[in-house]
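Peer 1: Sharing model_33.csv below, CSV, C-alpha atoms:
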```csv
chain,number,residue,atom,x,y,z
A,1,MET,CA,170.5,237.9,83.7
A,2,ASP,CA,171.8,234.4,83.2
A,3,TRP,CA,171.2,233.7,86.9
A,4,ALA,CA,167.7,235.0,86.7
A,5,ALA,CA,166.9,233.0,83.6
A,6,VAL,CA,168.3,229.5,84.5
A,7,TRP,CA,168.4,229.2,88.3
A,8,THR,CA,165.1,227.4,88.5
A,9,ASP,CA,166.2,224.9,85.8
A,10,ILE,CA,169.4,224.2,87.5
A,11,ALA,CA,167.8,223.8,90.9
A,12,GLY,CA,165.0,221.6,89.5
A,13,GLY,CA,167.4,219.5,87.4
A,14,LEU,CA,169.6,218.7,90.4
A,15,VAL,CA,166.6,217.9,92.6
A,16,ILE,CA,165.1,215.6,89.9
A,17,ALA,CA,168.5,213.9,89.3
A,18,GLY,CA,169.0,213.3,93.0
A,19,ALA,CA,165.4,212.0,93.4
A,20,ILE,CA,165.7,209.6,90.5
A,21,GLY,CA,169.1,208.3,91.7
A,22,ALA,CA,167.8,207.8,95.2
A,23,TRP,CA,164.3,206.4,94.7
A,24,VAL,CA,164.4,204.5,91.3
A,25,PRO,CA,165.9,201.0,91.9
A,26,ASP,CA,168.6,199.6,89.5
A,27,THR,CA,166.3,196.7,88.7
A,28,PHE,CA,163.9,199.0,87.0
A,29,TRP,CA,166.7,200.6,84.9
A,30,ARG,CA,168.1,197.2,83.9
A,31,THR,CA,164.7,196.0,82.7
A,32,PHE,CA,163.9,199.3,81.0
A,33,PHE,CA,167.3,199.4,79.2
A,34,LEU,CA,167.0,195.8,78.0
A,35,VAL,CA,170.3,194.8,79.6
A,36,SER,CA,169.6,191.1,79.1
A,37,HIS,CA,169.4,191.7,75.3
A,38,PRO,CA,172.7,193.3,74.2
A,39,THR,CA,171.7,193.8,70.5
A,40,ALA,CA,168.4,195.4,71.3
A,41,ALA,CA,170.0,197.5,74.1
A,42,LEU,CA,172.5,198.8,71.5
A,43,ILE,CA,169.6,200.3,69.4
A,44,TRP,CA,167.2,201.1,72.3
A,45,GLY,CA,169.7,203.2,74.3
A,46,PRO,CA,170.2,206.1,71.8
A,47,LEU,CA,166.5,206.2,71.1
A,48,VAL,CA,165.3,206.4,74.7
A,49,GLY,CA,168.2,208.4,76.2
A,50,PRO,CA,167.1,211.8,74.7
A,51,LEU,CA,163.5,211.1,75.8
A,52,ILE,CA,164.5,210.6,79.4
A,53,SER,CA,166.3,213.9,79.3
A,54,VAL,CA,163.2,215.6,77.9
A,55,VAL,CA,160.8,214.4,80.6
A,56,SER,CA,163.3,214.9,83.4
A,57,PHE,CA,164.2,218.4,82.1
A,58,VAL,CA,167.6,218.3,83.7
A,59,CYS,CA,169.9,221.1,82.4
A,60,SER,CA,173.6,221.0,81.6
A,61,VAL,CA,174.5,220.8,85.3
A,62,GLY,CA,171.9,218.2,86.4
A,63,ASN,CA,172.3,215.8,83.5
A,64,VAL,CA,175.8,214.8,84.5
A,65,PRO,CA,174.8,213.2,87.8
A,66,LEU,CA,171.7,211.6,86.2
A,67,ALA,CA,173.9,210.3,83.3
A,68,ALA,CA,176.0,208.5,85.9
A,69,VAL,CA,172.8,207.0,87.4
A,70,LEU,CA,171.6,205.8,84.0
A,71,TRP,CA,175.0,204.3,83.2
A,72,ASN,CA,175.1,202.4,86.4
A,73,GLY,CA,171.5,201.3,85.6
A,74,GLY,CA,172.6,199.6,82.4
A,75,ILE,CA,171.9,202.1,79.6
A,76,SER,CA,174.2,201.6,76.5
A,77,PHE,CA,177.2,203.8,76.0
A,78,GLY,CA,175.5,205.5,73.0
A,79,GLY,CA,172.4,206.0,75.1
A,80,VAL,CA,174.2,207.9,77.8
A,81,VAL,CA,176.0,210.0,75.2
A,82,ALA,CA,172.6,210.8,73.5
A,83,PHE,CA,171.2,211.6,76.9
A,84,ILE,CA,173.9,214.2,77.6
A,85,PHE,CA,173.4,215.7,74.1
A,86,ALA,CA,169.7,216.1,74.8
A,87,ASP,CA,169.9,218.9,77.3
A,88,LEU,CA,169.0,221.2,74.3
A,89,ILE,CA,165.5,219.8,73.9
A,90,ILE,CA,164.4,219.6,77.5
A,91,ILE,CA,160.9,220.9,78.3
A,92,PRO,CA,161.8,224.4,79.4
A,93,ILE,CA,163.9,225.0,76.2
A,94,LEU,CA,161.1,223.6,74.1
A,95,ASN,CA,158.7,226.0,75.7
A,96,ILE,CA,161.1,228.8,74.9
A,97,TYR,CA,161.2,227.7,71.2
A,98,ARG,CA,157.4,227.7,71.2
A,99,LYS,CA,157.2,231.2,72.6
A,100,TYR,CA,159.8,232.6,70.2
A,101,TYR,CA,159.2,230.7,67.0
A,102,GLY,CA,155.7,229.1,67.3
A,103,GLY,CA,154.5,225.6,67.8
A,104,ARG,CA,155.4,224.3,64.3
A,105,THR,CA,159.0,225.5,64.4
A,106,ALA,CA,159.4,224.2,68.0
A,107,LEU,CA,158.2,220.8,66.9
A,108,TYR,CA,160.6,220.9,63.9
A,109,LEU,CA,163.5,221.8,66.2
A,110,PHE,CA,162.6,219.0,68.6
A,111,ALA,CA,162.3,216.4,65.8
A,112,THR,CA,165.5,217.3,64.0
A,113,SER,CA,167.5,217.7,67.2
A,114,TYR,CA,166.2,214.3,68.5
A,115,LEU,CA,167.2,212.5,65.3
A,116,ALA,CA,170.6,214.2,65.4
A,117,MET,CA,171.2,213.2,69.0
A,118,ALA,CA,170.0,209.7,68.6
A,119,THR,CA,172.1,209.2,65.5
A,120,ALA,CA,175.2,210.7,67.1
A,121,GLY,CA,174.8,208.5,70.1
A,122,PHE,CA,174.5,205.4,67.9
A,123,ALA,CA,177.5,206.4,65.8
A,124,VAL,CA,179.6,207.0,68.9
A,125,GLU,CA,178.6,203.6,70.2
A,126,LEU,CA,179.7,201.9,67.0
A,127,LEU,CA,183.0,203.9,66.8
A,128,PHE,CA,184.0,203.4,70.4
A,129,ASN,CA,183.1,199.7,70.3
A,130,ALA,CA,185.2,199.2,67.1
A,131,MET,CA,188.1,200.9,68.9
A,132,GLY,CA,187.5,198.8,72.1
A,133,ILE,CA,187.4,201.8,74.4
A,134,ILE,CA,183.9,201.5,75.8
A,135,PRO,CA,184.2,201.2,79.6
A,136,ALA,CA,183.4,197.8,80.9
A,137,ALA,CA,182.7,198.7,84.5
A,138,ARG,CA,179.5,200.4,85.5
A,139,HIS,CA,180.4,202.0,88.8
A,140,ALA,CA,180.3,205.7,87.9
A,141,ILE,CA,180.7,207.8,91.0
A,142,VAL,CA,179.8,211.5,91.2
A,143,PRO,CA,182.3,212.9,93.7
A,144,GLU,CA,180.8,214.5,96.7
A,145,ALA,CA,181.7,218.1,97.4
A,146,HIS,CA,183.8,218.8,100.5
A,147,ILE,CA,185.5,221.8,101.9
A,148,ALA,CA,189.2,222.1,101.2
A,149,LEU,CA,191.7,225.0,101.1
A,150,ASN,CA,193.5,225.0,97.8
A,151,TYR,CA,193.8,227.0,94.6
A,152,THR,CA,190.2,226.1,93.7
A,153,THR,CA,189.1,227.7,97.0
A,154,VAL,CA,191.0,230.9,96.1
A,155,LEU,CA,189.4,231.0,92.6
A,156,ASN,CA,186.0,230.4,94.1
A,157,VAL,CA,186.4,233.3,96.5
A,158,ILE,CA,187.5,235.6,93.7
A,159,ALA,CA,184.6,234.5,91.5
A,160,LEU,CA,182.1,235.1,94.3
A,161,GLY,CA,183.5,238.5,94.9
A,162,ILE,CA,183.2,239.5,91.3
A,163,GLY,CA,179.8,238.0,91.1
A,164,GLY,CA,178.7,239.8,94.2
A,165,ALA,CA,179.9,243.1,92.9
A,166,LEU,CA,178.0,242.6,89.6
A,167,LEU,CA,174.9,241.6,91.5
A,168,VAL,CA,175.0,244.8,93.6
A,169,HIS,CA,175.5,246.9,90.5
A,170,PHE,CA,172.6,245.1,88.8
A,171,VAL,CA,170.2,245.7,91.7
A,172,THR,CA,171.3,249.4,92.3
A,173,THR,CA,171.0,250.3,88.6
A,174,GLY,CA,167.4,249.3,88.0
A,175,GLY,CA,167.9,245.6,87.3
A,176,ARG,CA,164.8,244.4,89.2
A,177,ALA,CA,162.6,246.8,87.4
A,178,MET,CA,164.0,245.6,84.1
A,179,LEU,CA,163.3,242.0,85.1
A,180,ARG,CA,159.7,242.9,85.9
A,181,THR,CA,159.4,244.6,82.5
A,182,MET,CA,160.7,241.6,80.7
A,183,ASN,CA,158.1,239.4,82.2
A,184,GLN,CA,155.3,241.6,81.0
A,185,PRO,CA,153.6,241.0,77.6
A,186,ILE,CA,154.4,243.5,74.8
A,187,GLU,CA,151.6,246.0,74.3
A,188,THR,CA,150.4,246.3,70.7
A,189,PRO,CA,148.7,249.4,69.4
A,190,PRO,CA,145.0,249.2,68.9
A,191,PRO,CA,143.9,248.7,65.3
A,192,ALA,CA,142.7,251.7,63.3
A,193,SER,CA,138.9,252.1,63.2
A,194,PRO,CA,137.1,251.3,59.9
A,195,HIS,CA,135.7,254.9,59.9
A,196,ALA,CA,139.1,256.5,60.0
A,197,HIS,CA,140.4,254.1,57.3
A,198,ALA,CA,137.4,254.9,55.1
A,199,HIS,CA,137.9,258.6,55.6
A,200,HIS,CA,141.5,258.3,54.6
A,201,GLU,CA,140.6,256.4,51.5
A,202,HIS,CA,137.8,258.6,50.3
A,203,ALA,CA,139.2,262.0,51.3
A,204,ASP,CA,138.8,264.8,48.8
A,205,PRO,CA,141.7,264.6,46.3
A,206,ARG,CA,141.9,268.4,46.4
A,207,GLU,CA,143.0,268.2,50.1
A,208,ARG,CA,146.0,265.9,49.3
A,209,PRO,CA,149.4,267.7,49.0
A,210,THR,CA,150.3,268.2,45.4
A,211,ARG,CA,153.7,266.9,44.1
A,212,PRO,CA,156.0,269.7,43.1
A,213,SER,CA,156.7,270.1,39.4
A,214,PRO,CA,160.1,269.1,38.2
A,215,PRO,CA,162.5,272.0,37.5
A,216,ASP,CA,162.7,273.3,34.0
A,217,THR,CA,166.0,272.2,32.6
A,218,ARG,CA,165.6,273.6,29.1
```
When written as structure tokens, how does the structure in this file appear?
Peer 2:
Amino acid sequence: MDWAAVWTDIAGGLVIAGAIGAWVPDTFWRTFFLVSHPTAALIWGPLVGPLISVVSFVCSVGNVPLAAVLWNGGISFGGVVAFIFADLIIIPILNIYRKYYGGRTALYLFATSYLAMATAGFAVELLFNAMGIIPAARHAIVPEAHIALNYTTVLNVIALGIGGALLVHFVTTGGRAMLRTMNQPIETPPPASPHAHAHHEHADPRERPTRPSPPDTR
């Protein structure tokens, strides 16, 4: 069920992160993040970081490569932290909030989450800066995947085997039909006709069942 629910977000997030990293030049990011104005960049980064996450709708997997791109582009340390936090308010999740809780609650969740993420990013910036542990270099590298035979390979093979067995069990026990049912709207019963309601309200009292008399305890 998790695979069916989030595979499009994961694929889309990785594609968007790769496209932004490949096609958006660093000069744009350095201008956008106010790199030449350190004080303004300190405030601007945590404010704009979550918004970049929202419009790029990268999920918890795709936001890590894009966070590296933003860090190399000059976003503040607090900004990149706030960006990573903001995978909880990306557009697909906001749409889920809207469907489950309604528009007003979705807007409330977005506003409160955004404020919390921006504030947390700014606080982390100040704390790490006071401790002197903010990285000075901006050469974050996302390691490329390569084939190797080690303990990770063995664990991956075991995980794929378990996942494959669960997938076969899901398909052979009506899983696809369940997914189709979940995507269908819930059918609501039709409202009662006014005539039937009026008949119920104005029925002859003599036709109503009488309440039994209490037992004589004398």
Peer 1: Point out the residue among A:Thr105, A:Thr8, A:Asn63, A:Asn72 with the least atom-to-atom distance to Ala140 in chain A, counting all atoms listed in the file.
Peer 2: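 Going through A:Thr105, A:Thr8, A:Asn63, A:Asn72 one by one, the smallest distance to Ala140 in chain A is for A:Asn72.
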Peer 1: To one decimal place in Å, what is the distance between CA of Val55 in chain A and CA of Val24 in chain A?
Peer 2: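 We find that CA of Val55 in chain A and CA of Val24 in chain A lie 15.0 Å from each other.
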Peer 1: Determine, counting only C-alpha atoms, every residue of protein, DNA or RNA that lies within 12 Å of (167.7, 214.6, 78.2) in the file coordinates, then give the result as a ChimeraX atom specification.
Peer 2: /A:13,17,46-64,66-67,70,79-94,110,113-114,117-118
Peer 1: To one decimal place, how far is CA of Leu109 in chain A from CA of Trp7 in chain A in Å?
Peer 2: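 One can read the CA of Leu109 in chain A to CA of Trp7 in chain A distance as 23.8 Å.
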Peer 1: Counting only C-alpha atoms, what is within 10 Å of range 73-77 of chain A, bar same-chain residues fewer than 5 positions away, as number ranges by chain?
Peer 2: A: 21, 24-36, 38, 40-46, 48-49, 67-68, 82-83, 121-122, 124-126, 128-129, 134-136, 138-139
Peer 1: One number please: CA of His169 in chain A to CA of Thr152 in chain A, in Å, one decimal.
Peer 2: 25.7 Å
Peer 1: Just checking: using only C-alpha atoms, which residue out of A:Leu127, A:Trp3, A:Arg180, A:Leu107 ends up closest to Leu166 in chain A?
Peer 2: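 Nearest candidate to Leu166 in chain A out of A:Leu127, A:Trp3, A:Arg180, A:Leu107: A:Trp3.
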Peer 1: Hey, could you patch up range 89-105 of chain A with N, CA and C atoms and hand it over as a PDB file, keeping the file's coordinate frame?
Peer 2:
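part-v3.pdb written:
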```
ATOM      1  N   ILE A  89     166.939 219.928  74.256  1.00  0.00           N
ATOM      2  CA  ILE A  89     165.500 219.800  73.900  1.00  0.00           C
ATOM      3  C   ILE A  89     164.718 219.419  75.184  1.00  0.00           C
ATOM      4  N   ILE A  90     165.190 219.848  76.350  1.00  0.00           N
ATOM      5  CA  ILE A  90     164.400 219.600  77.500  1.00  0.00           C
ATOM      6  C   ILE A  90     163.153 220.507  77.504  1.00  0.00           C
ATOM      7  N   ILE A  91     162.179 220.205  78.335  1.00  0.00           N
ATOM      8  CA  ILE A  91     160.900 220.900  78.300  1.00  0.00           C
ATOM      9  C   ILE A  91     160.976 222.391  78.414  1.00  0.00           C
ATOM     10  N   PRO A  92     161.749 222.952  79.363  1.00  0.00           N
ATOM     11  CA  PRO A  92     161.800 224.400  79.400  1.00  0.00           C
ATOM     12  C   PRO A  92     162.350 225.056  78.141  1.00  0.00           C
ATOM     13  N   ILE A  93     163.342 224.423  77.487  1.00  0.00           N
ATOM     14  CA  ILE A  93     163.900 225.000  76.200  1.00  0.00           C
ATOM     15  C   ILE A  93     162.874 224.840  75.116  1.00  0.00           C
ATOM     16  N   LEU A  94     162.178 223.715  75.065  1.00  0.00           N
ATOM     17  CA  LEU A  94     161.100 223.600  74.100  1.00  0.00           C
ATOM     18  C   LEU A  94     160.044 224.609  74.234  1.00  0.00           C
ATOM     19  N   ASN A  95     159.738 224.947  75.467  1.00  0.00           N
ATOM     20  CA  ASN A  95     158.700 226.000  75.700  1.00  0.00           C
ATOM     21  C   ASN A  95     159.244 227.349  75.239  1.00  0.00           C
ATOM     22  N   ILE A  96     160.552 227.598  75.382  1.00  0.00           N
ATOM     23  CA  ILE A  96     161.100 228.800  74.900  1.00  0.00           C
ATOM     24  C   ILE A  96     161.028 228.870  73.336  1.00  0.00           C
ATOM     25  N   TYR A  97     161.344 227.735  72.687  1.00  0.00           N
ATOM     26  CA  TYR A  97     161.200 227.700  71.200  1.00  0.00           C
ATOM     27  C   TYR A  97     159.764 227.982  70.822  1.00  0.00           C
ATOM     28  N   ARG A  98     158.802 227.439  71.574  1.00  0.00           N
ATOM     29  CA  ARG A  98     157.400 227.700  71.200  1.00  0.00           C
ATOM     30  C   ARG A  98     157.027 229.133  71.355  1.00  0.00           C
ATOM     31  N   LYS A  99     157.501 229.790  72.392  1.00  0.00           N
ATOM     32  CA  LYS A  99     157.200 231.200  72.600  1.00  0.00           C
ATOM     33  C   LYS A  99     157.814 232.081  71.543  1.00  0.00           C
ATOM     34  N   TYR A 100     159.055 231.770  71.165  1.00  0.00           N
ATOM     35  CA  TYR A 100     159.800 232.600  70.200  1.00  0.00           C
ATOM     36  C   TYR A 100     159.419 232.370  68.786  1.00  0.00           C
ATOM     37  N   TYR A 101     159.279 231.078  68.433  1.00  0.00           N
ATOM     38  CA  TYR A 101     159.200 230.700  67.000  1.00  0.00           C
ATOM     39  C   TYR A 101     157.814 230.115  66.645  1.00  0.00           C
ATOM     40  N   GLY A 102     156.989 229.771  67.618  1.00  0.00           N
ATOM     41  CA  GLY A 102     155.700 229.100  67.300  1.00  0.00           C
ATOM     42  C   GLY A 102     155.771 227.632  67.462  1.00  0.00           C
ATOM     43  N   GLY A 103     154.583 227.020  67.501  1.00  0.00           N
ATOM     44  CA  GLY A 103     154.500 225.600  67.800  1.00  0.00           C
ATOM     45  C   GLY A 103     155.104 224.736  66.663  1.00  0.00           C
ATOM     46  N   ARG A 104     154.862 225.080  65.394  1.00  0.00           N
ATOM     47  CA  ARG A 104     155.400 224.300  64.300  1.00  0.00           C
ATOM     48  C   ARG A 104     156.908 224.254  64.275  1.00  0.00           C
ATOM     49  N   THR A 105     157.511 225.421  64.451  1.00  0.00           N
ATOM     50  CA  THR A 105     159.000 225.500  64.400  1.00  0.00           C
ATOM     51  C   THR A 105     159.555 224.779  65.657  1.00  0.00           C
TER      52      THR A 105
END
```
